[in-house]
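Dropping structure_12.txt in here (compact mmCIF, C-alpha atoms (C1' of nucleotides)):
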```txt
# COMPACT_ATOMS: atom_id res chain seq x y z
CA MET A 1 -48.38 -65.63 65.38
CA GLU A 2 -44.78 -65.84 64.46
CA SER A 3 -43.70 -67.76 61.44
CA THR A 4 -44.21 -66.86 57.85
CA PHE A 5 -46.14 -70.08 57.48
CA SER A 6 -48.61 -69.51 60.25
CA ILE A 7 -49.42 -66.11 58.80
CA ILE A 8 -50.76 -67.63 55.62
CA ALA A 9 -52.57 -70.36 57.51
CA GLU A 10 -55.41 -67.87 57.92
CA PRO A 11 -57.88 -68.07 55.00
CA SER A 12 -58.82 -64.40 55.11
CA ARG A 13 -55.19 -63.42 54.97
CA ARG A 14 -54.59 -65.62 51.96
CA ALA A 15 -57.62 -64.04 50.33
CA ILE A 16 -56.22 -60.59 51.02
CA LEU A 17 -52.87 -61.53 49.54
CA SER A 18 -54.49 -63.02 46.47
CA LEU A 19 -56.50 -59.87 46.03
CA LEU A 20 -53.41 -57.74 46.32
CA ALA A 21 -51.57 -59.95 43.86
CA SER A 22 -53.41 -58.27 41.01
CA ALA A 23 -53.24 -54.71 42.28
CA GLU A 24 -52.83 -52.33 45.17
CA GLN A 25 -56.04 -51.94 47.18
CA SER A 26 -57.35 -49.77 49.97
CA VAL A 27 -58.73 -51.22 53.18
CA GLY A 28 -62.22 -50.38 52.02
CA ASP A 29 -61.67 -52.14 48.72
CA ILE A 30 -60.59 -55.28 50.53
CA GLU A 31 -63.45 -55.03 52.98
CA GLU A 32 -65.91 -54.88 50.11
CA HIS A 33 -64.34 -57.49 47.85
CA LEU A 34 -64.01 -60.05 50.61
CA GLN A 35 -67.10 -59.11 52.57
CA LEU A 36 -65.24 -58.92 55.84
CA PRO A 37 -65.84 -56.55 58.75
CA GLN A 38 -63.50 -53.59 58.63
CA PRO A 39 -61.77 -54.21 61.98
CA SER A 40 -61.04 -57.71 60.84
CA VAL A 41 -59.44 -56.48 57.65
CA SER A 42 -57.34 -53.97 59.56
CA LYS A 43 -56.22 -56.60 62.01
CA HIS A 44 -55.19 -59.00 59.30
CA LEU A 45 -53.40 -56.24 57.45
CA ARG A 46 -51.48 -55.39 60.56
CA VAL A 47 -50.33 -58.96 60.92
CA LEU A 48 -49.39 -59.11 57.25
CA ARG A 49 -47.58 -55.79 57.46
CA GLU A 50 -45.59 -56.69 60.55
CA ALA A 51 -44.57 -59.95 58.92
CA GLY A 52 -43.47 -58.17 55.77
CA PHE A 53 -46.09 -59.57 53.40
CA VAL A 54 -47.49 -56.16 52.56
CA GLU A 55 -46.64 -52.51 52.82
CA SER A 56 -48.87 -49.49 52.71
CA ARG A 57 -48.71 -45.99 51.37
CA VAL A 58 -50.91 -43.10 52.32
CA ASP A 59 -53.40 -41.60 49.92
CA ALA A 60 -55.39 -38.92 51.76
CA GLN A 61 -57.40 -40.78 54.41
CA ARG A 62 -56.85 -44.10 52.78
CA ARG A 63 -54.03 -46.53 53.03
CA LEU A 64 -53.18 -48.37 49.88
CA TYR A 65 -51.71 -51.80 50.49
CA ARG A 66 -49.49 -53.75 48.17
CA ILE A 67 -47.60 -57.01 48.14
CA ARG A 68 -44.05 -57.39 49.34
CA PRO A 69 -42.76 -60.66 47.90
CA GLU A 70 -40.00 -61.61 50.32
CA PRO A 71 -41.96 -63.79 52.75
CA LEU A 72 -43.66 -65.54 49.87
CA MET A 73 -40.28 -66.17 48.34
CA GLU A 74 -39.26 -67.71 51.60
CA ILE A 75 -42.11 -70.18 51.33
CA ASP A 76 -41.22 -70.85 47.74
CA ALA A 77 -37.69 -71.57 48.85
CA TRP A 78 -38.89 -73.98 51.50
CA LEU A 79 -40.70 -75.95 48.83
CA ALA A 80 -37.56 -76.44 46.78
CA PRO A 81 -36.45 -79.77 48.28
CA PHE A 82 -39.82 -81.27 47.47
CA ARG A 83 -39.93 -80.26 43.85
CA ARG A 84 -38.17 -83.43 42.82
CA TYR A 85 -41.44 -85.20 43.63
CA TRP A 86 -43.47 -83.04 41.27
CA SER A 87 -42.69 -84.84 38.04
CA GLN A 88 -44.13 -88.23 38.87
CA HIS A 89 -47.40 -86.67 39.92
CA LEU A 90 -48.13 -84.27 37.12
CA ASP A 91 -51.86 -84.83 37.02
CA ALA A 92 -52.36 -86.18 40.50
CA LEU A 93 -52.68 -82.62 41.69
CA GLU A 94 -55.98 -81.98 39.96
CA ARG A 95 -57.52 -85.07 41.42
CA HIS A 96 -56.19 -84.11 44.79
CA LEU A 97 -57.64 -80.61 44.54
CA ASP A 98 -61.00 -82.03 43.46
CA ARG A 99 -61.01 -84.37 46.38
CA MET A 100 -60.13 -81.52 48.70
CA SER A 101 -62.52 -78.87 47.48
CA PRO A 102 -65.62 -80.04 49.40
CA PRO A 103 -65.32 -79.17 53.09
CA PRO A 104 -62.45 -81.24 54.48
CA ARG A 105 -64.29 -84.17 55.92
CA ARG A 106 -63.56 -84.94 59.52
CA LYS A 107 -63.04 -88.60 59.93
CA ARG A 108 -64.92 -90.23 62.71
CA LYS A 109 -63.11 -93.48 62.99
CA LYS A 110 -63.61 -96.52 65.13
CA LYS A 111 -66.90 -95.07 66.41
CA MET B 1 -56.82 -78.21 61.72
CA GLU B 2 -58.21 -78.21 58.25
CA SER B 3 -56.39 -76.48 55.46
CA THR B 4 -53.23 -77.55 53.77
CA PHE B 5 -51.66 -74.30 54.89
CA SER B 6 -52.43 -74.63 58.55
CA ILE B 7 -50.88 -78.08 58.53
CA ILE B 8 -47.49 -76.73 57.58
CA ALA B 9 -47.82 -73.83 59.99
CA GLU B 10 -46.50 -76.18 62.65
CA PRO B 11 -42.68 -76.10 62.86
CA SER B 12 -42.31 -79.73 63.91
CA ARG B 13 -44.42 -80.83 60.99
CA ARG B 14 -42.33 -78.83 58.58
CA ALA B 15 -39.26 -80.41 60.10
CA ILE B 16 -40.75 -83.86 59.62
CA LEU B 17 -41.57 -83.13 56.01
CA SER B 18 -38.09 -81.77 55.37
CA LEU B 19 -36.63 -84.87 56.90
CA LEU B 20 -38.78 -87.10 54.74
CA ALA B 21 -37.87 -85.09 51.66
CA SER B 22 -34.54 -86.89 51.54
CA ALA B 23 -35.74 -90.37 52.37
CA GLU B 24 -38.36 -92.59 53.93
CA GLN B 25 -38.06 -92.72 57.72
CA SER B 26 -39.55 -94.67 60.59
CA VAL B 27 -41.23 -92.99 63.53
CA GLY B 28 -38.22 -93.79 65.66
CA ASP B 29 -35.88 -92.25 63.12
CA ILE B 30 -37.87 -89.03 63.15
CA GLU B 31 -38.10 -89.02 66.91
CA GLU B 32 -34.36 -89.27 67.16
CA HIS B 33 -33.42 -86.86 64.38
CA LEU B 34 -35.72 -84.14 65.60
CA GLN B 35 -35.46 -84.86 69.31
CA LEU B 36 -39.18 -84.93 69.80
CA PRO B 37 -41.19 -87.08 72.20
CA GLN B 38 -42.59 -90.12 70.43
CA PRO B 39 -46.28 -89.35 71.03
CA SER B 40 -45.72 -85.95 69.54
CA VAL B 41 -44.18 -87.45 66.42
CA SER B 42 -47.05 -89.91 66.06
CA LYS B 43 -49.60 -87.17 66.48
CA HIS B 44 -47.99 -84.97 63.87
CA LEU B 45 -47.69 -87.89 61.50
CA ARG B 46 -51.35 -88.62 61.92
CA VAL B 47 -52.23 -85.08 60.96
CA LEU B 48 -49.86 -85.17 58.02
CA ARG B 49 -51.22 -88.52 56.91
CA GLU B 50 -54.87 -87.50 57.11
CA ALA B 51 -54.07 -84.38 55.12
CA GLY B 52 -52.28 -86.40 52.47
CA PHE B 53 -48.77 -85.06 53.04
CA VAL B 54 -47.36 -88.47 53.88
CA GLU B 55 -48.18 -92.12 53.58
CA SER B 56 -46.86 -95.07 55.49
CA ARG B 57 -45.97 -98.63 54.79
CA VAL B 58 -45.50 -101.37 57.30
CA ASP B 59 -42.11 -102.95 57.95
CA ALA B 60 -42.44 -105.43 60.83
CA GLN B 61 -43.29 -103.36 63.90
CA ARG B 62 -42.24 -100.17 62.24
CA ARG B 63 -44.07 -97.81 59.99
CA LEU B 64 -42.02 -96.19 57.30
CA TYR B 65 -43.29 -92.82 56.28
CA ARG B 66 -42.74 -91.08 52.99
CA ILE B 67 -43.75 -87.88 51.25
CA ARG B 68 -46.84 -87.55 49.12
CA PRO B 69 -46.37 -84.43 47.03
CA GLU B 70 -49.94 -83.40 46.20
CA PRO B 71 -50.63 -81.03 49.10
CA LEU B 72 -47.26 -79.40 48.62
CA MET B 73 -48.04 -78.96 44.96
CA GLU B 74 -51.22 -77.26 46.00
CA ILE B 75 -49.21 -74.72 47.96
CA ASP B 76 -46.85 -74.30 45.07
CA ALA B 77 -49.85 -73.63 42.85
CA TRP B 78 -51.17 -71.02 45.25
CA LEU B 79 -47.88 -69.16 44.99
CA ALA B 80 -48.13 -68.90 41.22
CA PRO B 81 -49.90 -65.52 41.02
CA PHE B 82 -47.17 -63.97 43.14
CA ARG B 83 -44.25 -65.20 41.11
CA ARG B 84 -44.39 -62.15 38.89
CA TYR B 85 -43.00 -60.24 41.89
CA TRP B 86 -39.99 -62.49 42.22
CA SER B 87 -37.82 -60.91 39.55
CA GLN B 88 -37.52 -57.42 41.01
CA HIS B 89 -36.41 -58.83 44.31
CA LEU B 90 -33.81 -61.37 43.39
CA ASP B 91 -31.48 -60.75 46.30
CA ALA B 92 -33.93 -59.14 48.71
CA LEU B 93 -34.80 -62.59 49.94
CA GLU B 94 -31.48 -63.22 51.62
CA ARG B 95 -31.62 -59.96 53.51
CA HIS B 96 -35.17 -60.75 54.46
CA LEU B 97 -34.22 -64.16 55.78
CA ASP B 98 -31.36 -62.67 57.77
CA ARG B 99 -33.66 -60.10 59.28
CA MET B 100 -36.18 -62.75 60.18
CA SER B 101 -33.94 -65.34 61.79
CA PRO B 102 -33.89 -63.73 65.27
CA PRO B 103 -37.22 -64.12 67.12
CA PRO B 104 -39.85 -61.92 65.44
CA ARG B 105 -40.00 -58.86 67.64
CA ARG B 106 -43.33 -58.10 69.23
CA LYS B 107 -44.01 -54.42 69.15
CA ARG B 108 -45.13 -52.84 72.40
CA LYS B 109 -46.45 -49.52 71.32
CA LYS B 110 -48.02 -46.63 73.23
CA LYS B 111 -47.31 -48.25 76.57
C1' DC C 1 -64.96 -25.88 64.02
C1' DA C 2 -68.44 -29.56 63.18
C1' DG C 3 -69.38 -33.52 61.01
C1' DC C 4 -68.16 -37.22 57.88
C1' DT C 5 -65.21 -40.92 56.00
C1' DA C 6 -61.42 -44.14 56.39
C1' DT C 7 -58.69 -46.84 59.21
C1' DA C 8 -56.69 -48.46 63.50
C1' DT C 9 -56.87 -50.19 68.08
C1' DA C 10 -58.64 -51.97 72.68
C1' DC C 11 -61.19 -55.23 75.03
C1' DC C 12 -63.68 -59.47 75.77
C1' DT C 13 -64.82 -64.07 74.76
C1' DT C 14 -64.36 -68.44 72.86
C1' DA C 15 -62.48 -72.38 70.28
C1' DC C 16 -58.86 -75.07 69.03
C1' DG C 17 -54.44 -77.02 68.68
C1' DG C 18 -50.14 -78.55 70.85
C1' DG C 19 -47.48 -80.24 74.90
C1' DG C 20 -47.18 -83.70 78.39
C1' DT C 21 -48.16 -88.02 80.52
C1' DA C 22 -50.16 -92.41 80.76
C1' DT C 23 -51.77 -96.29 78.46
C1' DA C 24 -53.22 -99.27 74.63
C1' DT C 25 -52.09 -102.02 70.57
C1' DA C 26 -49.23 -104.63 67.45
C1' DC C 27 -45.38 -107.29 66.25
C1' DG C 28 -41.10 -109.85 67.35
C1' DT C 29 -38.05 -112.64 70.23
C1' DT C 30 -36.91 -115.96 73.52
C1' DA D 1 -46.54 -117.23 77.14
C1' DA D 2 -43.78 -113.56 78.81
C1' DC D 3 -41.25 -109.77 77.77
C1' DG D 4 -39.34 -105.98 74.85
C1' DT D 5 -39.71 -102.79 71.18
C1' DA D 6 -42.33 -99.72 68.05
C1' DT D 7 -46.16 -96.96 67.38
C1' DA D 8 -50.75 -95.14 68.26
C1' DT D 9 -54.25 -93.10 71.08
C1' DA D 10 -56.75 -90.91 75.16
C1' DC D 11 -56.95 -87.39 78.35
C1' DC D 12 -56.00 -83.01 80.53
C1' DC D 13 -54.24 -78.42 80.56
C1' DC D 14 -52.96 -74.09 78.78
C1' DG D 15 -51.79 -70.37 75.47
C1' DT D 16 -53.03 -68.02 71.81
C1' DA D 17 -55.28 -66.26 67.96
C1' DA D 18 -59.61 -64.96 65.70
C1' DG D 19 -64.30 -62.99 65.93
C1' DG D 20 -67.24 -59.29 67.54
C1' DT D 21 -68.22 -54.85 69.33
C1' DA D 22 -67.06 -50.41 70.71
C1' DT D 23 -64.15 -46.62 70.38
C1' DA D 24 -60.09 -43.88 69.09
C1' DT D 25 -57.41 -41.45 65.60
C1' DA D 26 -56.51 -39.12 61.28
C1' DG D 27 -57.75 -36.56 57.32
C1' DC D 28 -61.19 -34.33 54.38
C1' DT D 29 -65.21 -31.09 53.45
C1' DG D 30 -68.28 -27.61 54.38
```
What is this structure when it is put down as structure tokens?
Amino acid sequence: MESTFSIIAEPSRRAILSLLASAEQSVGDIEEHLQLPQPSVSKHLRVLREAGFVESRVDAQRRLYRIRPEPLMEIDAWLAPFRRYWSQHLDALERHLDRMSPPPRRKRKKK
Amino acid sequence: MESTFSIIAEPSRRAILSLLASAEQSVGDIEEHLQLPQPSVSKHLRVLREAGFVESRVDAQRRLYRIRPEPLMEIDAWLAPFRRYWSQHLDALERHLDRMSPPPRRKRKKK
DNA sequence: CAGCTATATACCTTACGGGGTATATACGTT
DNA sequence: AACGTATATACCCCGTAAGGTATATAGCTG
């Protein structure tokens, strides 16, 4: 687990980040909101912390986690060269997202 | 290998996409630019193609690959909720990138 | 201090994806 | 048709990361 990109490849980690986007949360808050086992949450938070996506502060026995934007900015920066393609496909995104929302179908080709 | 995000977790695939960002390329072109074995390039292209990141057209025995922006737009859209953090950290990104360029140190704690 | 709550870590197991190598397919050239 | 080039696919192997379970650590409360 090295790169910034592989960190956010994990769905639970993206969910955690999205949750933290609105506000600081404790481990327990995350556990409850996302319905994940506590050790799992802690493990993901460790990965996110070590990669700089989040930082924590202590509040009694809890740790409150919050977003650190730098790694996300890095991803945003990586996208820059592709933005010139955006314009032509203004509405194609919605269709794409619709098509992608059902479980990504595995293609069994040439049976 | 399902999600849009896990696709771009792979460094070679990101390199391929970056290469295609500037212009359409054949498999051989990619192979040579990135110094990757040909089967590896073909395999990555297959993954990228099935996930909608690229499309190909035929030119004699070659296949010319080009970017399809939708999945990248999806990532861009996912970043939206975090953009409100950008402003405070205008220059923090550079320092972050500097700090991250050497191999991400694995922490061996409590031996 | 004992016991409770909150969080972190260690350990085991398993699945999956990527690298490498060999081979198949498709088209082009002579 | 035979051969060469371009690309795709099949197969095997291995590392690694995620899930689950158990346990350790830290702080609070009585």
field: Proximity to Pro69 in chain B - best of B:Arg49, B:His89, B:His33, B:His44, all atoms listed in the file
entry: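 The closest residue to Pro69 in chain B is B:Arg49.
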### Query
Hey, which of B:Glu55, B:Arg68, B:Glu32, B:Ser26 ends up closest to chain A? Count all atoms listed in the file.
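Once distances to chain A are computed over all atoms listed in the file, the minimum belongs to B:Arg68.
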Can I get the residues of chain A within 8 Å of chain C, each with the closest pair of atoms and their distance in Å to one decimal, using all atoms listed in the file, sorted chain first then ascending number, as CSV?
```
residue,atom,partner,partner_atom,distance
A:Val27,CA,C:DT7,C1',7.5
A:Gly28,CA,C:DA6,C1',7.7
A:Pro39,CA,C:DA8,C1',7.8
A:Ser42,CA,C:DA8,C1',6.8
A:Gln61,CA,C:DA6,C1',5.6
A:Arg62,CA,C:DA6,C1',5.8
A:Arg63,CA,C:DT7,C1',7.7
```
Show me which bits of chain D are within 9 Å of chain B, counting only C-alpha atoms (C1' of nucleotides), as a PyMOL selection string.
-> chain D and resi 5-9
Give the answer as one residue: which of A:Asp59, A:Gln25, A:Trp78, A:Glu70 has the shortest atom-to-atom distance to chain B, using all atoms listed in the file?
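Residue with the minimum atom-to-atom distance to chain B: A:Glu70.
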Here CA of Ala9 in chain B and CA of Ala9 in chain A stand apart by 6.4 Å
Practice task
Kindly determine which residues of chain A lie within 8 Å of chain B, considering all atoms listed in the file, and give the answer as an MDAnalysis selection string.
Solution key: chainID A and resid 2:3 5:10 18 21 69:74 76 79 81:82 85:86 89 92:93 96:97 104
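One finds CA of Ser12 in chain B at 22.5 Å from CA of Val47 in chain A.
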Report task. Work out how far apart CA of Ile16 in chain B and CA of Leu34 in chain B are and give it in Å to one decimal. Result ->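 Separating CA of Ile16 in chain B from CA of Leu34 in chain B is a distance of 7.8 Å.
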Put the listed atoms of range 55-64 of chain A in a box along x, y and z with 5 Å added on every side and give me the centre and edge lengths in Å to one decimal, as lines of an AutoDock Vina configuration file.
```
center_x = -52.0
center_y = -45.7
center_z = 52.1
size_x = 20.8
size_y = 23.6
size_z = 14.5
```
Provide range 1-20 of chain D of the preceding structure as a file containing N, CA and C atoms (P, O5', C5', C4', C3', O3' and C1' of nucleotides), as a PDB file, in the first residue's frame.
```
ATOM      1  P    DA D   1      -2.623 -20.954 -49.610  1.00  0.00           P
ATOM      2  O5'  DA D   1      -1.121 -21.212 -49.207  1.00  0.00           O
ATOM      3  C5'  DA D   1      -0.347 -21.953 -50.182  1.00  0.00           C
ATOM      4  C4'  DA D   1       1.084 -21.594 -49.952  1.00  0.00           C
ATOM      5  C3'  DA D   1       1.525 -21.704 -48.487  1.00  0.00           C
ATOM      6  O3'  DA D   1       2.863 -22.173 -48.457  1.00  0.00           O
ATOM      7  C1'  DA D   1       1.824 -19.477 -49.208  1.00  0.00           C
ATOM      8  P    DA D   2       3.434 -22.775 -47.150  1.00  0.00           P
ATOM      9  O5'  DA D   2       4.561 -21.714 -46.778  1.00  0.00           O
ATOM     10  C5'  DA D   2       5.512 -21.343 -47.788  1.00  0.00           C
ATOM     11  C4'  DA D   2       6.295 -20.155 -47.270  1.00  0.00           C
ATOM     12  C3'  DA D   2       6.640 -20.238 -45.781  1.00  0.00           C
ATOM     13  O3'  DA D   2       7.984 -19.821 -45.600  1.00  0.00           O
ATOM     14  C1'  DA D   2       5.481 -18.247 -46.210  1.00  0.00           C
ATOM     15  P    DC D   3       8.657 -20.036 -44.149  1.00  0.00           P
ATOM     16  O5'  DC D   3       8.947 -18.526 -43.712  1.00  0.00           O
ATOM     17  C5'  DC D   3       9.358 -17.572 -44.689  1.00  0.00           C
ATOM     18  C4'  DC D   3       9.052 -16.188 -44.182  1.00  0.00           C
ATOM     19  C3'  DC D   3       9.345 -15.972 -42.691  1.00  0.00           C
ATOM     20  O3'  DC D   3      10.255 -14.890 -42.563  1.00  0.00           O
ATOM     21  C1'  DC D   3       7.246 -15.066 -43.278  1.00  0.00           C
ATOM     22  P    DG D   4      10.752 -14.451 -41.088  1.00  0.00           P
ATOM     23  O5'  DG D   4       9.959 -13.080 -40.926  1.00  0.00           O
ATOM     24  C5'  DG D   4      10.150 -12.043 -41.905  1.00  0.00           C
ATOM     25  C4'  DG D   4       9.422 -10.801 -41.454  1.00  0.00           C
ATOM     26  C3'  DG D   4       9.651 -10.451 -39.986  1.00  0.00           C
ATOM     27  O3'  DG D   4       9.772  -9.034 -39.870  1.00  0.00           O
ATOM     28  C1'  DG D   4       7.345 -10.830 -40.354  1.00  0.00           C
ATOM     29  P    DT D   5      10.095  -8.380 -38.507  1.00  0.00           P
ATOM     30  O5'  DT D   5       8.724  -7.647 -38.154  1.00  0.00           O
ATOM     31  C5'  DT D   5       8.153  -6.760 -39.095  1.00  0.00           C
ATOM     32  C4'  DT D   5       6.783  -6.346 -38.625  1.00  0.00           C
ATOM     33  C3'  DT D   5       6.741  -5.838 -37.184  1.00  0.00           C
ATOM     34  O3'  DT D   5       5.956  -4.666 -37.157  1.00  0.00           O
ATOM     35  C1'  DT D   5       5.149  -7.531 -37.504  1.00  0.00           C
ATOM     36  P    DA D   6       5.911  -3.715 -35.942  1.00  0.00           P
ATOM     37  O5'  DA D   6       4.455  -4.065 -35.386  1.00  0.00           O
ATOM     38  C5'  DA D   6       3.319  -3.731 -36.163  1.00  0.00           C
ATOM     39  C4'  DA D   6       2.088  -4.137 -35.392  1.00  0.00           C
ATOM     40  C3'  DA D   6       2.116  -3.754 -33.912  1.00  0.00           C
ATOM     41  O3'  DA D   6       0.926  -3.033 -33.613  1.00  0.00           O
ATOM     42  C1'  DA D   6       1.586  -6.041 -34.154  1.00  0.00           C
ATOM     43  P    DT D   7       0.685  -2.456 -32.191  1.00  0.00           P
ATOM     44  O5'  DT D   7      -0.133  -3.670 -31.553  1.00  0.00           O
ATOM     45  C5'  DT D   7      -1.420  -3.972 -32.096  1.00  0.00           C
ATOM     46  C4'  DT D   7      -1.972  -5.212 -31.448  1.00  0.00           C
ATOM     47  C3'  DT D   7      -2.211  -5.117 -29.952  1.00  0.00           C
ATOM     48  O3'  DT D   7      -3.612  -5.124 -29.760  1.00  0.00           O
ATOM     49  C1'  DT D   7      -1.351  -7.234 -30.595  1.00  0.00           C
ATOM     50  P    DA D   8      -4.242  -5.108 -28.333  1.00  0.00           P
ATOM     51  O5'  DA D   8      -4.562  -6.660 -28.099  1.00  0.00           O
ATOM     52  C5'  DA D   8      -5.369  -7.341 -29.031  1.00  0.00           C
ATOM     53  C4'  DA D   8      -5.494  -8.797 -28.631  1.00  0.00           C
ATOM     54  C3'  DA D   8      -5.980  -9.038 -27.208  1.00  0.00           C
ATOM     55  O3'  DA D   8      -7.091  -9.916 -27.264  1.00  0.00           O
ATOM     56  C1'  DA D   8      -4.003 -10.272 -27.621  1.00  0.00           C
ATOM     57  P    DT D   9      -7.949 -10.195 -25.969  1.00  0.00           P
ATOM     58  O5'  DT D   9      -7.333 -11.577 -25.443  1.00  0.00           O
ATOM     59  C5'  DT D   9      -7.309 -12.672 -26.322  1.00  0.00           C
ATOM     60  C4'  DT D   9      -6.510 -13.807 -25.715  1.00  0.00           C
ATOM     61  C3'  DT D   9      -6.883 -14.188 -24.285  1.00  0.00           C
ATOM     62  O3'  DT D   9      -7.196 -15.562 -24.302  1.00  0.00           O
ATOM     63  C1'  DT D   9      -4.565 -14.086 -24.541  1.00  0.00           C
ATOM     64  P    DA D  10      -8.008 -16.205 -23.074  1.00  0.00           P
ATOM     65  O5'  DA D  10      -7.133 -17.490 -22.739  1.00  0.00           O
ATOM     66  C5'  DA D  10      -6.100 -17.864 -23.635  1.00  0.00           C
ATOM     67  C4'  DA D  10      -5.199 -18.883 -22.985  1.00  0.00           C
ATOM     68  C3'  DA D  10      -5.610 -19.355 -21.594  1.00  0.00           C
ATOM     69  O3'  DA D  10      -5.231 -20.723 -21.470  1.00  0.00           O
ATOM     70  C1'  DA D  10      -3.530 -18.223 -21.451  1.00  0.00           C
ATOM     71  P    DC D  11      -5.658 -21.568 -20.170  1.00  0.00           P
ATOM     72  O5'  DC D  11      -4.306 -21.577 -19.316  1.00  0.00           O
ATOM     73  C5'  DC D  11      -3.086 -21.908 -19.968  1.00  0.00           C
ATOM     74  C4'  DC D  11      -1.929 -21.755 -18.994  1.00  0.00           C
ATOM     75  C3'  DC D  11      -2.293 -22.056 -17.538  1.00  0.00           C
ATOM     76  O3'  DC D  11      -1.393 -23.028 -17.027  1.00  0.00           O
ATOM     77  C1'  DC D  11      -1.157 -19.981 -17.723  1.00  0.00           C
ATOM     78  P    DC D  12      -1.601 -23.657 -15.559  1.00  0.00           P
ATOM     79  O5'  DC D  12      -0.374 -22.982 -14.782  1.00  0.00           O
ATOM     80  C5'  DC D  12       0.911 -22.958 -15.403  1.00  0.00           C
ATOM     81  C4'  DC D  12       1.866 -22.167 -14.542  1.00  0.00           C
ATOM     82  C3'  DC D  12       1.655 -22.378 -13.043  1.00  0.00           C
ATOM     83  O3'  DC D  12       2.910 -22.529 -12.402  1.00  0.00           O
ATOM     84  C1'  DC D  12       1.556 -20.085 -13.547  1.00  0.00           C
ATOM     85  P    DC D  13       2.982 -22.933 -10.843  1.00  0.00           P
ATOM     86  O5'  DC D  13       3.740 -21.674 -10.238  1.00  0.00           O
ATOM     87  C5'  DC D  13       4.684 -20.959 -11.024  1.00  0.00           C
ATOM     88  C4'  DC D  13       5.001 -19.661 -10.315  1.00  0.00           C
ATOM     89  C3'  DC D  13       4.921 -19.768  -8.792  1.00  0.00           C
ATOM     90  O3'  DC D  13       6.088 -19.194  -8.219  1.00  0.00           O
ATOM     91  C1'  DC D  13       3.542 -18.011  -9.563  1.00  0.00           C
ATOM     92  P    DC D  14       6.378 -19.372  -6.644  1.00  0.00           P
ATOM     93  O5'  DC D  14       6.281 -17.871  -6.130  1.00  0.00           O
ATOM     94  C5'  DC D  14       6.724 -16.801  -6.962  1.00  0.00           C
ATOM     95  C4'  DC D  14       6.123 -15.526  -6.423  1.00  0.00           C
ATOM     96  C3'  DC D  14       6.063 -15.500  -4.902  1.00  0.00           C
ATOM     97  O3'  DC D  14       6.836 -14.400  -4.442  1.00  0.00           O
ATOM     98  C1'  DC D  14       3.956 -14.897  -5.858  1.00  0.00           C
ATOM     99  P    DG D  15       6.964 -14.070  -2.881  1.00  0.00           P
ATOM    100  O5'  DG D  15       6.213 -12.671  -2.779  1.00  0.00           O
ATOM    101  C5'  DG D  15       6.391 -11.699  -3.809  1.00  0.00           C
ATOM    102  C4'  DG D  15       5.445 -10.542  -3.598  1.00  0.00           C
ATOM    103  C3'  DG D  15       5.378 -10.040  -2.165  1.00  0.00           C
ATOM    104  O3'  DG D  15       5.345  -8.619  -2.188  1.00  0.00           O
ATOM    105  C1'  DG D  15       3.232 -10.831  -2.848  1.00  0.00           C
ATOM    106  P    DT D  16       5.313  -7.789  -0.844  1.00  0.00           P
ATOM    107  O5'  DT D  16       3.876  -7.093  -0.875  1.00  0.00           O
ATOM    108  C5'  DT D  16       3.149  -7.026  -2.097  1.00  0.00           C
ATOM    109  C4'  DT D  16       1.684  -6.833  -1.753  1.00  0.00           C
ATOM    110  C3'  DT D  16       1.462  -6.277  -0.339  1.00  0.00           C
ATOM    111  O3'  DT D  16       0.369  -5.394  -0.391  1.00  0.00           O
ATOM    112  C1'  DT D  16       0.274  -8.259  -0.584  1.00  0.00           C
ATOM    113  P    DA D  17       0.322  -4.134   0.587  1.00  0.00           P
ATOM    114  O5'  DA D  17      -1.175  -3.630   0.411  1.00  0.00           O
ATOM    115  C5'  DA D  17      -1.933  -4.086  -0.718  1.00  0.00           C
ATOM    116  C4'  DA D  17      -3.262  -4.618  -0.250  1.00  0.00           C
ATOM    117  C3'  DA D  17      -3.773  -3.997   1.043  1.00  0.00           C
ATOM    118  O3'  DA D  17      -5.190  -3.963   0.965  1.00  0.00           O
ATOM    119  C1'  DA D  17      -3.646  -6.287   1.333  1.00  0.00           C
ATOM    120  P    DA D  18      -6.000  -2.838   1.677  1.00  0.00           P
ATOM    121  O5'  DA D  18      -7.365  -3.580   2.038  1.00  0.00           O
ATOM    122  C5'  DA D  18      -7.999  -4.400   1.061  1.00  0.00           C
ATOM    123  C4'  DA D  18      -8.821  -5.461   1.748  1.00  0.00           C
ATOM    124  C3'  DA D  18      -9.490  -4.992   3.042  1.00  0.00           C
ATOM    125  O3'  DA D  18     -10.831  -5.453   3.045  1.00  0.00           O
ATOM    126  C1'  DA D  18      -8.186  -6.901   3.474  1.00  0.00           C
ATOM    127  P    DG D  19     -11.835  -5.006   4.170  1.00  0.00           P
ATOM    128  O5'  DG D  19     -12.326  -6.386   4.819  1.00  0.00           O
ATOM    129  C5'  DG D  19     -12.599  -7.506   3.999  1.00  0.00           C
ATOM    130  C4'  DG D  19     -12.763  -8.737   4.868  1.00  0.00           C
ATOM    131  C3'  DG D  19     -13.447  -8.454   6.209  1.00  0.00           C
ATOM    132  O3'  DG D  19     -14.465  -9.420   6.440  1.00  0.00           O
ATOM    133  C1'  DG D  19     -11.312  -9.473   6.563  1.00  0.00           C
ATOM    134  P    DG D  20     -15.369  -9.302   7.727  1.00  0.00           P
ATOM    135  O5'  DG D  20     -14.626 -10.268   8.777  1.00  0.00           O
ATOM    136  C5'  DG D  20     -14.318 -11.599   8.400  1.00  0.00           C
ATOM    137  C4'  DG D  20     -13.720 -12.345   9.572  1.00  0.00           C
ATOM    138  C3'  DG D  20     -14.348 -11.999  10.924  1.00  0.00           C
ATOM    139  O3'  DG D  20     -14.653 -13.208  11.607  1.00  0.00           O
ATOM    140  C1'  DG D  20     -11.986 -11.648  11.005  1.00  0.00           C
TER     141       DG D  20
END
```
